[in-house]
Structures are given as C-alpha cells and as structure tokens.
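Novice: Got a structure here, written out as structure tokens. Questions coming.
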Amino acid sequence: MTQIIDIAEVARRTGLSARALRFYEARGLVRPLRTASGRRAYGAGELERLHQLIALKRAGLSLQQIKKLFDRQPIDLRELIALQLDALDQQACSLDEARATLRTTLSRIDRGEPIDAATFCSLIRTGDLMMTDETQKWQAVTDRYMSDQAKADFARTAADMGDVFDPVATGAKWKELGDRIKAALPLDPASPTALGFVREWFALLAPFTAVATPAMWEGARDLYGRMDEWQGQADPGFDLTVWQFIQSATAAAKAAGHDVGPMPSFAQP
C-alpha cells in the first residue's frame with residue numbers, strides 16, 4: 001500500500017513551506033491527493049517530484065521551464081542548459097565585480113580616506129563601468145591564451161587572491177612600476193637597479209603567488225610571453241619589453257643566488 005504523507009511532513013522532509021507547496025500545486029507542478037476530509041496528502045511519487053523541483057530550481061531553471069520538463073513538452077534540453085550556464089556565468093561576473101568594488105572601497109577606508117555614502121555610491125557607479133569594461137577585455141584575452149585547467153584554477157582561487165587582479169585597486173601600482181622600468185631601459189639585467197625592480201615586481205605579485213597552482217603560473221607566463229599578439233586589447237600596466245626585461249633580470253638574480261621575493265617552489269624564472 002502506498003504511504004500517504006500529510007503536508008506538514010512533506011514540508012519537514014523537503015524544507016519547503018506549506019505556502020510554497022500550495023503555490024507549486026496552483027502552478028500545476030505537483031498534484032497531491034485529497035483525503036475524505038479534503039486535506040492534502042502526498043504519495044512517494046509527489047514527494048520525489050518535489051525533490052526534483054528543488055534540484056532544478058537550484059540549477060537556476062525557472063518554474064515555467066521546470067513545468068515543461070515535468071509535462072514532457074517538447075524542449076531542447078541542451079539549449080536550455082547552455083542558456084542557463086550563460087546566465088550563471090553573467091551572475092558570477094557581476095558578483096566578482098561587486099566584490100572588487102567593495103574591496104577597493106575598504107582598502108581606501110583602511111588607508112584613511114574619508115568615504116561617505118555619496119562617495120561610496122559614486123564608486124559603485126563608476127567602478128562598475130570600469131570593471132565591466134576591463135573584465136570583458138581580460139576575459140577575451142584569457143579565453144584565447146589560457147588552458148582550461150588554468151582558467152578553472154583561477155576561478156577556484158579568485159576569492160583568495162584579494163584584489164591582485166582588480167584593475168581599480170592595483171592597476172595604478174602596476175602602471176607606476178612598469179613606467180619606471182620602461183624609463184630605466186636599456187638596463188643591465190644583472191645590475192643592482194634591476195634586482196630592485198625584480199623584488200618590487202614579486203612583492204606586488206605576492207597575493208597571486210600565494211595561491212597560484214602550476215597551471216595558473218604557467219598560464220600567466222605563457223599569456224604575457226605572447227603579449228605581442230594581444231597588446232592593446234587589455235592593459236596590465238606594462239608592455240612586452242618590460243615583461244621580457246623582468247624575465248631576464250629574474251633569471252640573472254636567481255643565478256647569482258639573490259632572493260627575489262615570494263615565488264612558488266615549482267616556478268621557473
């Protein structure tokens with residue numbers, strides 16, 4: 001005999017409120033039985049359908065899309081999943097930009113800058129435009145030049161990297177260092193000045209170095225090593241000449257036994 005479960009027990013097992021259960025019934029997503037007294041009663045099939053509904057909602061599907069699946073209406077499941085992935089990617093991008101704005105604002109407050117509500121709102125508006133534009137530029141570059149593993153590792157460790165790749169928070173620092181190195185060239189890579197530049201470089205790179213995986217490290221090296229192919233499409237604050245000099249100066253410093261700063265044990269100069 002089929003076990004009959006009342007609405008209170010279904011709510012307990014699924015985590016859904018009685019109000020939500022009645023709403024899903026009204027939308028035709030679940031069809032509970034009725035007792036002789038008119039009370040709702042659920043069988044194993046209805047309970048399983050509710051668990052399916054919860055899973056599909058967690059994946060981001062709308063109730064209309066879920067109903068089509070339940071009713072076995074014609075639907076291109078592959079297209080539906082692809083569209084949902086695009087929507088989730090956009091949401092993730094928006095969340096990354098919001099986090100970057102908050103980190104930037106907090107950093108300015110910690111430096112003693114007077115940030116009031118009006119200034120904060122202005123930073124959100126202007127920062128949102130700047131980061132959206134810059135994010136799209138970097139996305140286009142990394143999609144072409146980084147491996148799937150490197151991109152996956154970057155996404156997984158993004159929360160631990162702080163604002164190391166936030167153009168608002170650190171772009172000015174990279175540009176200032178890149179401009180000073182550029183102005184000093186040509187320069188002997190083995191000179192004390194070059195060593196100073198290398199140490200500044202790795203100090204600025206430290207938040208990334210702390211969480212970098214081999215795929216991330218090699219992906220970044222390959223990306224910047226091919227900067228001549230994408231230079232001008234995104235702005236790291238320095239050009240290919242500066243990057244090549246830093247590589248030479250780092251190799252010279254390590255060959256001489258100098259400490260260049262934080263670097264992963266698996267990294268090559």
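Naming scheme: A, B, ... for chains in displayed order of the structure tokens; residues 1 onward per chain; ligands 1 onward as shown.
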Which neighbours of Leu50 in chain A fall inside 9 Å, counting only C-alpha atoms, when residues of the same chain fewer than 5 positions from it are skipped, and could you give them as a ChimeraX atom specification?
Specialist: /A:14,21,29-30,45,55
Novice: Export all heavy atoms of the chosen residues as a short mmCIF file (atom, residue, chain, number, x, y, z; two decimals), in the first residue's frame?
Specialist:
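Generated file (result.cif):
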```cif
data_model
loop_
_atom_site.label_atom_id
_atom_site.label_comp_id
_atom_site.auth_asym_id
_atom_site.auth_seq_id
_atom_site.Cartn_x
_atom_site.Cartn_y
_atom_site.Cartn_z
N THR A 14 11.20 18.16 2.86
CA THR A 14 11.73 18.92 1.70
C THR A 14 12.32 20.27 2.08
O THR A 14 13.08 20.85 1.30
CB THR A 14 10.61 19.15 0.67
OG1 THR A 14 9.58 19.95 1.26
CG2 THR A 14 10.04 17.83 0.18
N LEU A 21 4.32 24.86 -1.00
CA LEU A 21 3.71 23.64 -1.54
C LEU A 21 2.38 23.96 -2.20
O LEU A 21 2.07 23.43 -3.28
CB LEU A 21 3.53 22.62 -0.42
CG LEU A 21 4.83 22.00 0.13
CD1 LEU A 21 4.55 21.20 1.40
CD2 LEU A 21 5.49 21.13 -0.93
N LEU A 29 2.64 22.09 -10.77
CA LEU A 29 3.92 21.40 -10.69
C LEU A 29 3.84 20.13 -9.85
O LEU A 29 4.69 19.24 -9.98
CB LEU A 29 4.98 22.34 -10.11
CG LEU A 29 5.39 23.49 -11.05
CD1 LEU A 29 6.03 24.63 -10.27
CD2 LEU A 29 6.34 22.98 -12.12
N VAL A 30 2.88 20.06 -8.96
CA VAL A 30 2.68 18.89 -8.14
C VAL A 30 1.18 18.73 -7.91
O VAL A 30 0.44 19.72 -7.85
CB VAL A 30 3.44 19.01 -6.80
CG1 VAL A 30 2.90 20.15 -5.95
CG2 VAL A 30 3.42 17.70 -6.03
N GLY A 45 5.46 9.35 -5.16
CA GLY A 45 5.69 9.99 -6.45
C GLY A 45 5.70 11.50 -6.35
O GLY A 45 6.56 12.18 -6.94
N ALA A 55 15.86 20.45 -6.95
CA ALA A 55 17.15 20.31 -7.64
C ALA A 55 17.21 21.20 -8.88
O ALA A 55 18.22 21.87 -9.14
CB ALA A 55 17.38 18.85 -8.01
#
```
Novice: DSSP on the backbone, alpha helix (DSSP H) only: what residues of range 94-265 of chain A does that give? Format it as JSON, numbers by chain.
Specialist: {"A": [94, 95, 96, 97, 98, 99, 100, 101, 102, 103, 104, 105, 106, 107, 108, 109, 110, 117, 118, 119, 120, 121, 122, 123, 124, 125, 126, 127, 128, 129, 130, 131, 132, 133, 134, 135, 136, 137, 138, 139, 140, 141, 142, 143, 144, 145, 148, 149, 150, 151, 152, 153, 154, 155, 156, 157, 167, 168, 169, 170, 171, 172, 173, 174, 175, 176, 177, 178, 179, 180, 181, 182, 183, 184, 192, 193, 194, 195, 196, 197, 198, 199, 200, 201, 202, 203, 204, 206, 207, 208, 209, 210, 211, 214, 215, 216, 217, 218, 219, 220, 221, 222, 223, 224, 225, 227, 228, 229, 230, 240, 241, 242, 243, 244, 245, 246, 247, 248, 249, 250, 251, 252, 253, 254, 255]}
Novice: For Ile109 in chain A, work out the shell of residues within 12 Å, counting only C-alpha atoms and skipping chain neighbours fewer than 6 positions away, then give it as a VMD selection string.
Specialist: chain A and resid 102 to 103 115 to 116 119 to 120
Novice: Quick one: residues within 12 Å of Ala26 in chain A, only C-alpha atoms, excluding same-chain residues fewer than 6 positions away - as a list in words?
Specialist: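 Counting only the stated atoms, we get Arg19, Ala20, Pro32, Leu63 and Lys67 of chain A.
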Novice: Name the residues of range 4-211 of chain A that fall into strand (DSSP E or B) according to DSSP on the backbone, using the chain letters and numbers of this document, as number ranges by chain.
Specialist: A: 5-6, 33-34, 40-42
Novice: Mind writing the picked residues with N, CA, C and O atoms as a short mmCIF file (atom, residue, chain, number, x, y, z; two decimals), in the first residue's frame?
Specialist:
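selection03.cif, written as the output of this step:
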```cif
data_model
loop_
_atom_site.label_atom_id
_atom_site.label_comp_id
_atom_site.auth_asym_id
_atom_site.auth_seq_id
_atom_site.Cartn_x
_atom_site.Cartn_y
_atom_site.Cartn_z
N ILE A 5 1.52 10.83 2.94
CA ILE A 5 2.22 11.77 3.82
C ILE A 5 1.45 13.08 3.82
O ILE A 5 1.07 13.60 2.76
N ASP A 6 1.23 13.64 5.01
CA ASP A 6 0.49 14.90 5.06
C ASP A 6 1.42 16.07 4.75
O ASP A 6 2.65 15.92 4.70
N LEU A 33 -2.88 14.29 -3.51
CA LEU A 33 -4.20 13.66 -3.37
C LEU A 33 -5.01 14.41 -2.31
O LEU A 33 -4.50 15.32 -1.66
N ARG A 34 -6.23 14.05 -2.17
CA ARG A 34 -7.09 14.65 -1.14
C ARG A 34 -7.69 13.54 -0.29
O ARG A 34 -8.14 12.51 -0.80
N ARG A 40 -4.80 17.83 2.05
CA ARG A 40 -3.81 17.40 1.05
C ARG A 40 -3.00 16.22 1.60
O ARG A 40 -2.60 16.22 2.76
N ALA A 41 -2.71 15.27 0.71
CA ALA A 41 -1.90 14.11 1.08
C ALA A 41 -0.98 13.77 -0.09
O ALA A 41 -1.39 13.82 -1.25
N TYR A 42 0.25 13.47 0.22
CA TYR A 42 1.26 13.23 -0.81
C TYR A 42 1.73 11.78 -0.76
O TYR A 42 1.94 11.22 0.32
#
```
Novice: Extract, using only C-alpha atoms, all DNA, RNA and protein residues at most 8 Å from Ala190 in chain A, discarding same-chain residues fewer than 3 positions from it, and format them as an MDAnalysis selection string.
Specialist: chainID A and resid 194:195 249 252:253
Novice: Which residue is closest to Ala8 in chain A? Choose from A:Arg22, A:Lys173, A:Arg78, A:Lys151 and count only C-alpha atoms.
Specialist: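 Once distances to Ala8 in chain A are computed over only C-alpha atoms, the minimum belongs to A:Arg22.
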Novice: If you measure from CA of Arg221 in chain A to CA of Gly196 in chain A, what distance in Å do you get, rounded to one decimal?
Specialist: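 Distance between the two atoms: 20.7 Å.
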Novice: Taking only C-alpha atoms into account, name the residue in A:Gly261, A:Arg144, A:Ala18, A:Gly237 that is nearest to Trp201 in chain A.
Specialist: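 Ranking A:Gly261, A:Arg144, A:Ala18, A:Gly237 by distance to Trp201 in chain A, first place goes to A:Gly261.
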